[in-house]
>>> print(open('structure.txt').read())   # compact mmCIF, C-alpha atoms
# COMPACT_ATOMS: atom_id res chain seq x y z
CA MET Q 1 10.61 -9.80 -42.11
CA PRO Q 2 10.76 -11.07 -38.53
CA GLU Q 3 10.35 -14.74 -37.86
CA THR Q 4 6.98 -15.88 -36.61
CA SER Q 5 8.55 -17.50 -33.55
CA SER Q 6 9.83 -14.13 -32.34
CA LEU Q 7 6.27 -12.82 -32.15
CA TRP Q 8 5.04 -15.55 -29.80
CA PRO Q 9 6.32 -13.90 -26.57
CA LEU Q 10 4.50 -10.68 -27.49
CA LEU Q 11 1.30 -12.59 -28.28
CA TRP Q 12 1.46 -14.49 -25.00
CA LEU Q 13 2.11 -11.24 -23.13
CA ALA Q 14 -0.87 -9.55 -24.78
CA LEU Q 15 -3.07 -12.56 -24.03
CA ALA Q 16 -1.98 -12.59 -20.38
CA GLY Q 17 -2.77 -8.87 -20.04
CA TRP Q 18 -6.22 -9.38 -21.57
CA VAL Q 19 -7.00 -12.30 -19.25
CA LEU Q 20 -5.82 -10.31 -16.23
CA CYS Q 21 -8.08 -7.44 -17.27
CA LEU Q 22 -11.07 -9.79 -17.47
CA LEU Q 23 -10.35 -11.53 -14.16
CA SER Q 24 -9.13 -8.51 -12.16
CA PRO Q 25 -12.38 -8.22 -10.11
CA ILE Q 26 -11.78 -11.67 -8.56
CA LEU Q 27 -7.98 -11.76 -8.47
CA THR Q 28 -7.42 -9.34 -5.58
CA PRO Q 29 -7.56 -11.96 -2.75
CA PHE Q 30 -5.26 -14.26 -4.74
CA ILE Q 31 -2.69 -11.49 -5.28
CA VAL Q 32 -2.82 -10.47 -1.61
CA ALA Q 33 -2.42 -14.11 -0.56
CA MET Q 34 0.51 -14.59 -2.96
CA LEU Q 35 2.26 -11.50 -1.57
CA LEU Q 36 1.72 -12.66 2.01
CA ALA Q 37 2.96 -16.17 1.18
CA TYR Q 38 5.98 -14.72 -0.59
CA LEU Q 39 6.82 -12.53 2.41
CA GLY Q 40 6.38 -15.42 4.86
CA ASP Q 41 8.28 -18.09 2.92
CA PRO Q 42 11.80 -17.09 4.11
CA LEU Q 43 10.72 -17.44 7.75
CA VAL Q 44 9.21 -20.84 7.02
CA ASP Q 45 12.44 -21.91 5.31
CA ARG Q 46 14.38 -20.75 8.36
CA LEU Q 47 12.19 -22.90 10.64
CA GLU Q 48 12.69 -25.87 8.30
CA THR Q 49 16.45 -25.61 8.90
CA TRP Q 50 15.64 -26.34 12.54
CA ARG Q 51 14.25 -29.74 11.46
CA LEU Q 52 10.60 -28.69 11.65
CA PRO Q 53 8.24 -30.24 9.08
CA ARG Q 54 7.02 -27.80 6.41
CA THR Q 55 3.37 -27.99 7.48
CA LEU Q 56 4.22 -27.35 11.15
CA ALA Q 57 6.50 -24.43 10.23
CA VAL Q 58 3.77 -22.92 8.03
CA THR Q 59 1.23 -23.35 10.83
CA LEU Q 60 3.48 -21.58 13.34
CA VAL Q 61 4.23 -18.66 11.00
CA PHE Q 62 0.58 -18.41 9.98
CA CYS Q 63 -0.72 -18.40 13.57
CA VAL Q 64 1.85 -15.88 14.81
CA THR Q 65 1.24 -13.55 11.85
CA LEU Q 66 -2.54 -13.80 12.12
CA GLY Q 67 -2.45 -13.33 15.90
CA THR Q 68 -0.22 -10.26 15.58
CA LEU Q 69 -2.49 -8.75 12.92
CA LEU Q 70 -5.61 -9.36 15.02
CA LEU Q 71 -3.91 -7.84 18.08
CA VAL Q 72 -2.96 -4.73 16.13
CA LEU Q 73 -6.50 -4.42 14.78
CA LEU Q 74 -8.01 -4.86 18.25
CA ILE Q 75 -5.76 -2.07 19.53
CA LEU Q 76 -6.10 0.33 16.60
CA LEU Q 77 -9.72 -0.05 15.46
CA PRO Q 78 -11.42 1.12 18.69
CA ARG Q 79 -9.15 4.17 18.82
CA LEU Q 80 -9.71 4.98 15.17
CA GLU Q 81 -13.46 4.56 15.66
CA SER Q 82 -13.46 6.92 18.64
CA GLN Q 83 -11.58 9.52 16.59
CA PHE Q 84 -14.12 9.21 13.76
CA ILE Q 85 -16.96 9.76 16.25
CA HIS Q 86 -15.11 12.70 17.83
CA LEU Q 87 -14.61 14.21 14.38
CA GLY Q 88 -18.35 13.99 13.75
CA GLN Q 89 -19.06 15.77 17.00
CA LYS Q 90 -16.56 18.53 16.23
CA LEU Q 91 -17.60 19.15 12.61
CA PRO Q 92 -20.32 21.75 13.36
CA GLN Q 93 -17.91 23.72 15.58
CA TYR Q 94 -15.14 23.59 12.96
CA LEU Q 95 -17.43 24.66 10.11
CA ASP Q 96 -18.90 27.46 12.19
CA TRP Q 97 -15.42 28.81 12.97
CA LEU Q 98 -14.52 28.50 9.27
CA ARG Q 99 -17.66 30.42 8.29
CA VAL Q 100 -16.94 33.26 10.72
CA HIS Q 101 -13.28 33.69 9.79
CA SER Q 102 -13.59 33.21 6.04
CA SER Q 103 -16.71 35.30 5.41
CA PRO Q 104 -14.76 38.60 5.15
CA TYR Q 105 -12.59 37.12 2.40
CA LEU Q 106 -15.25 35.12 0.52
CA PRO Q 107 -18.48 37.08 0.99
CA GLY Q 108 -20.18 35.70 -2.08
CA LEU Q 109 -19.48 32.10 -1.14
CA MET Q 110 -20.29 32.25 2.54
CA THR Q 111 -23.56 34.15 2.39
CA GLU Q 112 -26.70 32.20 3.07
CA GLY Q 113 -28.63 33.70 0.21
CA GLU Q 114 -28.92 32.55 -3.36
CA GLY Q 115 -25.64 31.15 -4.68
CA GLY Q 116 -24.02 30.99 -1.24
CA VAL Q 117 -23.16 28.10 1.06
CA ASP Q 118 -24.72 27.89 4.51
CA LEU Q 119 -21.88 26.24 6.43
CA GLN Q 120 -23.88 26.18 9.65
CA ALA Q 121 -26.66 24.14 8.04
CA LEU Q 122 -24.05 21.97 6.30
CA GLY Q 123 -22.29 21.26 9.60
CA ALA Q 124 -25.57 20.38 11.33
CA ALA Q 125 -26.51 18.02 8.50
CA LEU Q 126 -23.11 16.33 8.58
CA ALA Q 127 -23.29 15.95 12.35
CA ARG Q 128 -26.74 14.34 12.10
CA ARG Q 129 -25.54 11.88 9.49
CA TRP Q 130 -22.46 11.06 11.56
CA GLN Q 131 -24.50 10.51 14.73
CA ASN Q 132 -27.03 8.39 12.88
CA ALA Q 133 -24.21 6.10 11.85
CA GLY Q 134 -23.31 5.73 15.51
CA SER Q 135 -20.05 3.93 14.81
CA LEU Q 136 -18.09 2.37 12.00
CA LEU Q 137 -19.67 -1.02 12.60
CA ALA Q 138 -23.13 0.48 12.58
CA GLY Q 139 -22.35 2.26 9.34
CA LEU Q 140 -21.16 -0.96 7.73
CA TRP Q 141 -24.21 -2.82 8.97
CA GLY Q 142 -26.49 -0.12 7.58
CA SER Q 143 -24.93 -0.48 4.16
CA VAL Q 144 -25.96 -4.12 3.94
CA SER Q 145 -29.49 -3.16 2.89
CA SER Q 146 -28.30 -0.97 0.02
CA SER Q 147 -25.21 -2.83 -1.15
CA GLY Q 148 -25.47 -6.27 0.39
CA LEU Q 149 -23.90 -8.11 -2.53
CA VAL Q 150 -20.89 -5.80 -2.60
CA LEU Q 151 -20.38 -6.18 1.15
CA LEU Q 152 -20.84 -9.94 0.88
CA GLY Q 153 -18.20 -10.11 -1.85
CA TRP Q 154 -15.82 -8.01 0.24
CA PHE Q 155 -16.39 -10.21 3.29
CA THR Q 156 -15.83 -13.36 1.21
CA ASN Q 157 -12.52 -11.98 -0.06
CA VAL Q 158 -11.40 -11.21 3.50
CA LEU Q 159 -12.15 -14.79 4.53
CA LEU Q 160 -10.45 -16.20 1.43
CA ILE Q 161 -7.14 -14.40 1.98
CA PRO Q 162 -5.97 -16.38 5.07
CA VAL Q 163 -7.11 -19.69 3.55
CA LEU Q 164 -5.30 -19.03 0.27
CA THR Q 165 -2.23 -17.74 2.12
CA PHE Q 166 -1.94 -20.93 4.18
CA TYR Q 167 -2.10 -23.28 1.19
CA LEU Q 168 0.19 -21.13 -0.97
CA LEU Q 169 2.71 -20.88 1.86
CA ARG Q 170 2.63 -24.63 2.45
CA ASP Q 171 3.20 -25.46 -1.24
CA TRP Q 172 5.39 -22.47 -2.16
CA ASP Q 173 8.58 -24.43 -2.76
CA ASP Q 174 6.71 -26.98 -4.89
CA LEU Q 175 5.16 -24.20 -6.98
CA VAL Q 176 8.56 -22.57 -7.54
CA ALA Q 177 10.06 -25.92 -8.54
CA ALA Q 178 7.17 -26.58 -10.95
CA VAL Q 179 7.66 -23.21 -12.65
CA HIS Q 180 11.41 -23.81 -12.89
CA ALA Q 181 10.78 -27.19 -14.51
CA LEU Q 182 8.79 -25.50 -17.29
CA LEU Q 183 11.68 -23.26 -18.34
CA PRO Q 184 13.50 -24.11 -21.59
CA ARG Q 185 16.62 -26.07 -20.71
CA ARG Q 186 18.89 -23.94 -22.89
CA SER Q 187 17.98 -20.74 -21.06
CA ALA Q 188 17.16 -22.23 -17.64
CA ALA Q 189 20.38 -20.91 -16.10
CA LEU Q 190 19.72 -17.39 -17.34
CA TRP Q 191 16.11 -17.38 -16.14
CA GLY Q 192 17.23 -18.84 -12.83
CA ARG Q 193 19.72 -16.01 -12.35
CA LEU Q 194 17.11 -13.39 -13.24
CA ALA Q 195 14.64 -15.02 -10.86
CA ARG Q 196 17.17 -14.90 -7.99
CA GLU Q 197 17.92 -11.23 -8.68
CA SER Q 198 14.20 -10.45 -8.89
CA ASP Q 199 13.63 -12.29 -5.63
CA GLU Q 200 16.40 -10.29 -3.95
CA VAL Q 201 15.02 -6.97 -5.19
CA LEU Q 202 11.35 -7.76 -4.68
CA GLY Q 203 11.70 -9.39 -1.25
CA ALA Q 204 13.88 -6.64 0.19
CA PHE Q 205 11.73 -3.91 -1.35
CA LEU Q 206 8.38 -5.27 -0.14
CA ARG Q 207 9.50 -6.19 3.38
CA GLY Q 208 11.49 -3.00 3.79
CA GLN Q 209 8.79 -0.74 2.35
CA LEU Q 210 6.08 -2.19 4.59
CA LEU Q 211 8.27 -1.63 7.64
CA VAL Q 212 9.09 1.91 6.50
CA MET Q 213 5.38 2.68 6.08
CA PHE Q 214 4.59 1.39 9.58
CA LEU Q 215 7.48 3.27 11.22
CA LEU Q 216 6.53 6.49 9.42
CA GLY Q 217 2.97 6.08 10.67
CA VAL Q 218 4.30 5.70 14.22
CA ILE Q 219 6.59 8.75 13.84
CA TYR Q 220 3.81 10.94 12.42
CA THR Q 221 1.30 9.76 15.03
CA THR Q 222 3.70 10.35 17.92
CA GLY Q 223 4.67 13.82 16.70
CA LEU Q 224 1.08 14.94 16.16
CA TRP Q 225 0.10 13.50 19.56
CA LEU Q 226 2.87 15.51 21.24
CA ILE Q 227 1.52 18.63 19.55
CA GLY Q 228 -1.88 17.84 21.02
CA LEU Q 229 -3.78 17.16 17.79
CA ASP Q 230 -7.04 15.34 18.46
CA PHE Q 231 -6.84 13.12 15.38
CA ALA Q 232 -3.14 12.22 15.59
CA LEU Q 233 -3.64 8.45 15.16
CA LEU Q 234 -6.05 8.80 12.26
CA ILE Q 235 -3.93 11.29 10.30
CA GLY Q 236 -0.53 9.82 11.20
CA MET Q 237 -1.36 6.25 10.21
CA PHE Q 238 -3.05 7.39 7.00
CA ALA Q 239 0.01 9.44 6.04
CA GLY Q 240 2.24 6.45 6.75
CA LEU Q 241 0.00 4.16 4.73
CA VAL Q 242 0.16 6.29 1.57
CA SER Q 243 3.89 6.93 1.90
CA PHE Q 244 4.67 4.01 -0.44
CA VAL Q 245 4.24 6.66 -3.16
CA PRO Q 246 7.22 9.02 -2.71
CA TYR Q 247 6.35 12.31 -1.00
CA LEU Q 248 2.61 11.53 -1.04
CA GLY Q 249 2.58 10.87 2.72
CA LEU Q 250 4.42 14.15 3.31
CA ILE Q 251 2.07 16.21 1.13
CA VAL Q 252 -1.18 14.59 2.27
CA GLY Q 253 -0.07 14.62 5.91
CA ILE Q 254 0.83 18.31 5.95
CA LEU Q 255 -2.40 19.27 4.17
CA VAL Q 256 -4.75 17.18 6.31
CA ALA Q 257 -2.96 17.73 9.63
CA GLY Q 258 -2.55 21.42 8.83
CA VAL Q 259 -6.27 21.88 8.24
CA ALA Q 260 -7.07 19.86 11.38
CA SER Q 261 -4.62 21.97 13.41
CA VAL Q 262 -6.05 25.29 12.19
CA LEU Q 263 -9.60 24.16 12.96
CA GLN Q 264 -8.80 22.62 16.36
CA PHE Q 265 -6.60 25.44 17.68
CA GLN Q 266 -8.72 28.17 16.05
CA GLY Q 267 -5.83 29.53 14.02
CA PRO Q 268 -2.43 28.77 12.49
CA GLY Q 269 -0.55 28.98 15.80
CA GLU Q 270 0.55 25.31 15.80
CA LEU Q 271 0.93 24.95 12.04
CA HIS Q 272 4.71 25.23 12.12
CA TRP Q 273 4.90 22.26 14.51
CA VAL Q 274 2.77 20.18 12.14
CA ILE Q 275 5.11 20.97 9.26
CA ALA Q 276 8.12 20.18 11.48
CA VAL Q 277 6.71 16.73 12.33
CA PHE Q 278 6.31 15.70 8.70
CA VAL Q 279 9.59 17.25 7.56
CA LEU Q 280 11.39 15.39 10.37
CA GLY Q 281 9.66 12.16 9.36
CA GLN Q 282 10.68 12.70 5.74
CA LEU Q 283 14.30 13.37 6.75
CA LEU Q 284 14.40 10.21 8.87
CA GLU Q 285 12.85 8.21 6.03
CA GLY Q 286 15.35 9.47 3.46
CA SER Q 287 18.50 9.32 5.57
CA LEU Q 288 17.87 6.35 7.88
CA LEU Q 289 14.78 4.21 7.27
CA THR Q 290 14.91 3.66 3.50
CA PRO Q 291 18.73 3.18 3.25
CA ARG Q 292 18.73 0.72 6.18
CA LEU Q 293 15.49 -1.19 5.51
CA VAL Q 294 15.05 -0.99 1.74
CA GLY Q 295 18.51 -0.15 0.43
CA GLU Q 296 19.55 2.41 -2.13
CA ARG Q 297 20.61 -0.19 -4.68
CA ILE Q 298 17.23 -1.84 -4.92
CA GLY Q 299 15.04 1.19 -4.28
CA LEU Q 300 12.86 2.21 -7.21
CA HIS Q 301 13.10 5.72 -8.58
CA PRO Q 302 10.24 7.93 -7.30
CA VAL Q 303 9.07 8.66 -10.86
CA ALA Q 304 8.97 4.90 -11.62
CA VAL Q 305 6.93 4.24 -8.46
CA ILE Q 306 4.40 6.99 -9.22
CA PHE Q 307 4.05 5.86 -12.85
CA ALA Q 308 3.68 2.20 -11.85
CA VAL Q 309 0.96 2.93 -9.28
CA MET Q 310 -0.99 5.21 -11.65
CA ALA Q 311 -0.64 2.80 -14.58
CA GLY Q 312 -1.70 -0.18 -12.48
CA GLY Q 313 -4.73 1.68 -11.13
CA GLN Q 314 -5.73 2.85 -14.60
CA LEU Q 315 -5.45 -0.60 -16.18
CA TYR Q 316 -6.72 -2.91 -13.41
CA GLY Q 317 -8.12 -0.75 -10.59
CA PHE Q 318 -7.29 -1.72 -7.00
CA PHE Q 319 -5.91 -5.05 -8.20
CA GLY Q 320 -3.49 -3.15 -10.43
CA ILE Q 321 -2.34 -0.93 -7.55
CA LEU Q 322 -1.53 -4.03 -5.50
CA LEU Q 323 0.45 -5.50 -8.37
CA ALA Q 324 2.15 -2.28 -9.52
CA LEU Q 325 5.20 -2.19 -7.25
CA PRO Q 326 6.06 -5.93 -7.48
CA VAL Q 327 5.84 -5.76 -11.28
CA ALA Q 328 7.93 -2.58 -11.34
CA ALA Q 329 10.63 -4.18 -9.15
CA VAL Q 330 10.88 -7.24 -11.42
CA ALA Q 331 10.77 -5.06 -14.53
CA MET Q 332 13.74 -3.11 -13.15
CA VAL Q 333 15.78 -6.34 -12.95
CA LEU Q 334 14.81 -7.34 -16.50
CA LEU Q 335 15.59 -3.87 -17.82
CA ARG Q 336 18.99 -3.96 -16.16
CA HIS Q 337 19.69 -7.35 -17.79
CA LEU Q 338 18.64 -6.04 -21.22
CA LEU Q 339 20.89 -3.02 -20.77
CA GLU Q 340 23.85 -5.25 -19.86
CA THR Q 341 23.14 -7.46 -22.89
CA TYR Q 342 22.98 -4.45 -25.17
CA ARG Q 343 26.28 -3.04 -23.89
CA ALA Q 344 27.96 -6.41 -24.46
CA SER Q 345 26.58 -6.72 -27.99
CA GLU Q 346 28.21 -5.80 -31.29
CA LEU Q 347 25.46 -3.26 -31.94
CA TYR Q 348 26.66 -1.16 -28.99
CA SER Q 349 30.38 -1.54 -29.78
CA GLN Q 350 29.85 -0.55 -33.42
CA SER Q 351 28.00 2.63 -32.41
CA ARG Q 352 31.05 4.03 -30.59
>>> encode(input="structure.txt", output="structure tokens")
Amino acid sequence: MPETSSLWPLLWLALAGWVLCLLSPILTPFIVAMLLAYLGDPLVDRLETWRLPRTLAVTLVFCVTLGTLLLVLLILLPRLESQFIHLGQKLPQYLDWLRVHSSPYLPGLMTEGEGGVDLQALGAALARRWQNAGSLLAGLWGSVSSSGLVLLGWFTNVLLIPVLTFYLLRDWDDLVAAVHALLPRRSAALWGRLARESDEVLGAFLRGQLLVMFLLGVIYTTGLWLIGLDFALLIGMFAGLVSFVPYLGLIVGILVAGVASVLQFQGPGELHWVIAVFVLGQLLEGSLLTPRLVGERIGLHPVAVIFAVMAGGQLYGFFGILLALPVAAVAMVLLRHLLETYRASELYSQSR
């Protein structure tokens, strides 16, 4: 019969999971702020070595990061908005071409009678809805009347993130020291070693993966722009954004850009160039970007990444997706420690 004390860690773990499930709707800005503070802390520590006070170093890092993010948004958002509007204007033309060229192969689906789909009417309706929106900002403003509370909650979270990030970044070292002080003294050295290994894996993985995603977005966007695709920025950046799941950026990018290419160029003439762009990006990511920026030793297995993202989304929604990869990286360190402990134990030696 196991001792009662050995069950306490499992009970605390179950309780923590239950509390996280209950609070997940409000925890997203806190998790985002913690990740941003964690990523910015090494730079603040570096500035502190130059004899800058902690608060001044945090202020400098915070202002530079926020200014860079705002500059990127000011550059990207107008271009993305113009591509959305252009897509709305082109939809009727694309659907009409699709109706003409697919009707010989799908006569039952493309007929306008009973049971068929009138793509011309569908395209006109979509174009009207798109033009009524006017722009992304107009669409967001129009949603206030129907989902004002949801939009207000989203806006509040956006405002909370920089505030929480600043205070967490300022007090990060104190928080780490407080957690370390709570560790049992007998096992403090072990937990300290595991924490340092987790920090090495998690920090390198997060910083490297974010940079890989951005560079892939730039590579995809540049390649599609050279081909002449109208929606190169929209498709390329989206493919780079979802590339944190292995091969998802490649698959989604080829599918979406392939469809856009066929519709824009009225046929599959440029499809091979689209495939070449994403295959080249994938080769660069696998042979250069990930080994240099993330590292093979600390990279998570693709199956582990996919499972972590799906499990996090299933359990906690968007909050779980944000937390999935950091938890998986730390779990990899703990699993490696357990495996080393098992191999050094008598149980393993007796089994040989």
>>> atom_distance(input="structure.txt", atom1="atom CA of Q:Gly203", atom2="atom CA of Q:Leu39")
6.9 Å
>>> closest_residue(input="structure.txt", among="Q:Phe166, Q:Val32, Q:Leu280, Q:Glu340", to="Q:Ala57", atoms="only C-alpha atoms")
Q:Phe166
>>> closest_residue(input="structure.txt", among="Q:Glu285, Q:Glu270, Q:Glu81, Q:Asp173", to="Q:Leu233", atoms="all atoms listed in the file")
Q:Glu81
>>> residues_near_point(input="structure.txt", point="(3.0, -16.0, 3.9)", cutoff="10 Å", atoms="only C-alpha atoms", output="ChimeraX atom specification")
/Q:32-44,58,61-62,65,162,164-170,172
>>> atom_distance(input="structure.txt", atom1="atom CA of Q:Leu325", atom2="atom CA of Q:Val305")
6.8 Å
>>> atom_distance(input="structure.txt", atom1="atom CA of Q:Ala204", atom2="atom CA of Q:Val294")
6.0 Å
>>> closest_residue(input="structure.txt", among="Q:Ala311, Q:Ala304, Q:Leu224, Q:Ala232", to="Q:Phe278", atoms="all atoms listed in the file")
Q:Leu224
>>> closest_residue(input="structure.txt", among="Q:Leu194, Q:Ala177, Q:Leu66, Q:Leu22", to="Q:Arg336", atoms="only C-alpha atoms")
Q:Leu194
>>> closest_residue(input="structure.txt", among="Q:Ala178, Q:Ile161, Q:Leu338, Q:Met237", to="Q:Leu80", atoms="all atoms listed in the file")
Q:Met237
>>> residues_near_point(input="structure.txt", point="(9.0, 14.5, 4.5)", cutoff="10 Å", atoms="all atoms listed in the file", output="list in words")
Leu216, Ser243, Pro246, Tyr247, Leu248, Gly249, Leu250, Ile251, Gly253, Ile254, Ile275, Ala276, Val277, Phe278, Val279, Leu280, Gly281, Gln282, Leu283, Leu284, Glu285 and Gly286 of chain Q
>>> closest_residue(input="structure.txt", among="Q:Pro326, Q:Ile235, Q:Ala331, Q:Gly317", to="Q:Leu23", atoms="only C-alpha atoms")
Q:Gly317
>>> build_atoms(input="structure.txt", residues="stretch 53-75 of chain Q", atoms="N, CA, C and O atoms", output="PDB file, keeping the file's coordinate frame")
ATOM      1  N   PRO Q  53       8.929 -29.924  10.333  1.00  0.00           N
ATOM      2  CA  PRO Q  53       8.240 -30.240   9.080  1.00  0.00           C
ATOM      3  C   PRO Q  53       7.639 -28.983   8.453  1.00  0.00           C
ATOM      4  O   PRO Q  53       7.287 -28.033   9.161  1.00  0.00           O
ATOM      5  N   ARG Q  54       7.504 -28.988   7.123  1.00  0.00           N
ATOM      6  CA  ARG Q  54       7.020 -27.800   6.410  1.00  0.00           C
ATOM      7  C   ARG Q  54       5.635 -27.376   6.910  1.00  0.00           C
ATOM      8  O   ARG Q  54       5.402 -26.193   7.157  1.00  0.00           O
ATOM      9  N   THR Q  55       4.740 -28.334   7.068  1.00  0.00           N
ATOM     10  CA  THR Q  55       3.370 -27.990   7.480  1.00  0.00           C
ATOM     11  C   THR Q  55       3.352 -27.368   8.868  1.00  0.00           C
ATOM     12  O   THR Q  55       2.636 -26.391   9.121  1.00  0.00           O
ATOM     13  N   LEU Q  56       4.165 -27.911   9.792  1.00  0.00           N
ATOM     14  CA  LEU Q  56       4.220 -27.350  11.150  1.00  0.00           C
ATOM     15  C   LEU Q  56       4.830 -25.955  11.132  1.00  0.00           C
ATOM     16  O   LEU Q  56       4.342 -25.048  11.824  1.00  0.00           O
ATOM     17  N   ALA Q  57       5.886 -25.757  10.323  1.00  0.00           N
ATOM     18  CA  ALA Q  57       6.500 -24.430  10.230  1.00  0.00           C
ATOM     19  C   ALA Q  57       5.518 -23.414   9.658  1.00  0.00           C
ATOM     20  O   ALA Q  57       5.430 -22.278  10.147  1.00  0.00           O
ATOM     21  N   VAL Q  58       4.779 -23.808   8.623  1.00  0.00           N
ATOM     22  CA  VAL Q  58       3.770 -22.920   8.030  1.00  0.00           C
ATOM     23  C   VAL Q  58       2.700 -22.580   9.055  1.00  0.00           C
ATOM     24  O   VAL Q  58       2.263 -21.429   9.172  1.00  0.00           O
ATOM     25  N   THR Q  59       2.268 -23.579   9.824  1.00  0.00           N
ATOM     26  CA  THR Q  59       1.230 -23.350  10.830  1.00  0.00           C
ATOM     27  C   THR Q  59       1.695 -22.356  11.890  1.00  0.00           C
ATOM     28  O   THR Q  59       0.949 -21.448  12.297  1.00  0.00           O
ATOM     29  N   LEU Q  60       2.944 -22.497  12.334  1.00  0.00           N
ATOM     30  CA  LEU Q  60       3.480 -21.580  13.340  1.00  0.00           C
ATOM     31  C   LEU Q  60       3.554 -20.149  12.805  1.00  0.00           C
ATOM     32  O   LEU Q  60       3.110 -19.199  13.459  1.00  0.00           O
ATOM     33  N   VAL Q  61       4.116 -20.002  11.591  1.00  0.00           N
ATOM     34  CA  VAL Q  61       4.230 -18.660  11.000  1.00  0.00           C
ATOM     35  C   VAL Q  61       2.845 -18.068  10.763  1.00  0.00           C
ATOM     36  O   VAL Q  61       2.605 -16.882  11.039  1.00  0.00           O
ATOM     37  N   PHE Q  62       1.930 -18.887  10.269  1.00  0.00           N
ATOM     38  CA  PHE Q  62       0.580 -18.410   9.980  1.00  0.00           C
ATOM     39  C   PHE Q  62      -0.117 -17.951  11.264  1.00  0.00           C
ATOM     40  O   PHE Q  62      -0.723 -16.874  11.299  1.00  0.00           O
ATOM     41  N   CYS Q  63      -0.035 -18.745  12.318  1.00  0.00           N
ATOM     42  CA  CYS Q  63      -0.720 -18.400  13.570  1.00  0.00           C
ATOM     43  C   CYS Q  63      -0.119 -17.149  14.217  1.00  0.00           C
ATOM     44  O   CYS Q  63      -0.858 -16.282  14.705  1.00  0.00           O
ATOM     45  N   VAL Q  64       1.211 -17.058  14.210  1.00  0.00           N
ATOM     46  CA  VAL Q  64       1.850 -15.880  14.810  1.00  0.00           C
ATOM     47  C   VAL Q  64       1.508 -14.625  14.021  1.00  0.00           C
ATOM     48  O   VAL Q  64       1.177 -13.573  14.595  1.00  0.00           O
ATOM     49  N   THR Q  65       1.555 -14.722  12.681  1.00  0.00           N
ATOM     50  CA  THR Q  65       1.240 -13.550  11.850  1.00  0.00           C
ATOM     51  C   THR Q  65      -0.216 -13.141  12.023  1.00  0.00           C
ATOM     52  O   THR Q  65      -0.520 -11.948  12.193  1.00  0.00           O
ATOM     53  N   LEU Q  66      -1.124 -14.117  11.973  1.00  0.00           N
ATOM     54  CA  LEU Q  66      -2.540 -13.800  12.120  1.00  0.00           C
ATOM     55  C   LEU Q  66      -2.847 -13.252  13.503  1.00  0.00           C
ATOM     56  O   LEU Q  66      -3.611 -12.286  13.652  1.00  0.00           O
ATOM     57  N   GLY Q  67      -2.237 -13.833  14.542  1.00  0.00           N
ATOM     58  CA  GLY Q  67      -2.450 -13.330  15.900  1.00  0.00           C
ATOM     59  C   GLY Q  67      -1.942 -11.911  16.081  1.00  0.00           C
ATOM     60  O   GLY Q  67      -2.599 -11.082  16.713  1.00  0.00           O
ATOM     61  N   THR Q  68      -0.761 -11.618  15.495  1.00  0.00           N
ATOM     62  CA  THR Q  68      -0.220 -10.260  15.580  1.00  0.00           C
ATOM     63  C   THR Q  68      -1.117  -9.261  14.869  1.00  0.00           C
ATOM     64  O   THR Q  68      -1.373  -8.159  15.373  1.00  0.00           O
ATOM     65  N   LEU Q  69      -1.593  -9.646  13.675  1.00  0.00           N
ATOM     66  CA  LEU Q  69      -2.490  -8.750  12.920  1.00  0.00           C
ATOM     67  C   LEU Q  69      -3.780  -8.494  13.677  1.00  0.00           C
ATOM     68  O   LEU Q  69      -4.247  -7.343  13.754  1.00  0.00           O
ATOM     69  N   LEU Q  70      -4.366  -9.538  14.258  1.00  0.00           N
ATOM     70  CA  LEU Q  70      -5.610  -9.360  15.020  1.00  0.00           C
ATOM     71  C   LEU Q  70      -5.368  -8.485  16.254  1.00  0.00           C
ATOM     72  O   LEU Q  70      -6.217  -7.650  16.605  1.00  0.00           O
ATOM     73  N   LEU Q  71      -4.217  -8.663  16.900  1.00  0.00           N
ATOM     74  CA  LEU Q  71      -3.910  -7.840  18.080  1.00  0.00           C
ATOM     75  C   LEU Q  71      -3.779  -6.370  17.706  1.00  0.00           C
ATOM     76  O   LEU Q  71      -4.303  -5.490  18.404  1.00  0.00           O
ATOM     77  N   VAL Q  72      -3.098  -6.114  16.581  1.00  0.00           N
ATOM     78  CA  VAL Q  72      -2.960  -4.730  16.130  1.00  0.00           C
ATOM     79  C   VAL Q  72      -4.315  -4.127  15.796  1.00  0.00           C
ATOM     80  O   VAL Q  72      -4.620  -2.967  16.143  1.00  0.00           O
ATOM     81  N   LEU Q  73      -5.168  -4.911  15.120  1.00  0.00           N
ATOM     82  CA  LEU Q  73      -6.500  -4.420  14.780  1.00  0.00           C
ATOM     83  C   LEU Q  73      -7.335  -4.157  16.022  1.00  0.00           C
ATOM     84  O   LEU Q  73      -8.062  -3.156  16.093  1.00  0.00           O
ATOM     85  N   LEU Q  74      -7.247  -5.052  17.016  1.00  0.00           N
ATOM     86  CA  LEU Q  74      -8.010  -4.860  18.250  1.00  0.00           C
ATOM     87  C   LEU Q  74      -7.550  -3.613  19.006  1.00  0.00           C
ATOM     88  O   LEU Q  74      -8.335  -2.977  19.711  1.00  0.00           O
ATOM     89  N   ILE Q  75      -6.272  -3.269  18.860  1.00  0.00           N
ATOM     90  CA  ILE Q  75      -5.760  -2.070  19.530  1.00  0.00           C
ATOM     91  C   ILE Q  75      -6.104  -0.807  18.747  1.00  0.00           C
ATOM     92  O   ILE Q  75      -6.519   0.207  19.322  1.00  0.00           O
TER      93      ILE Q  75
END
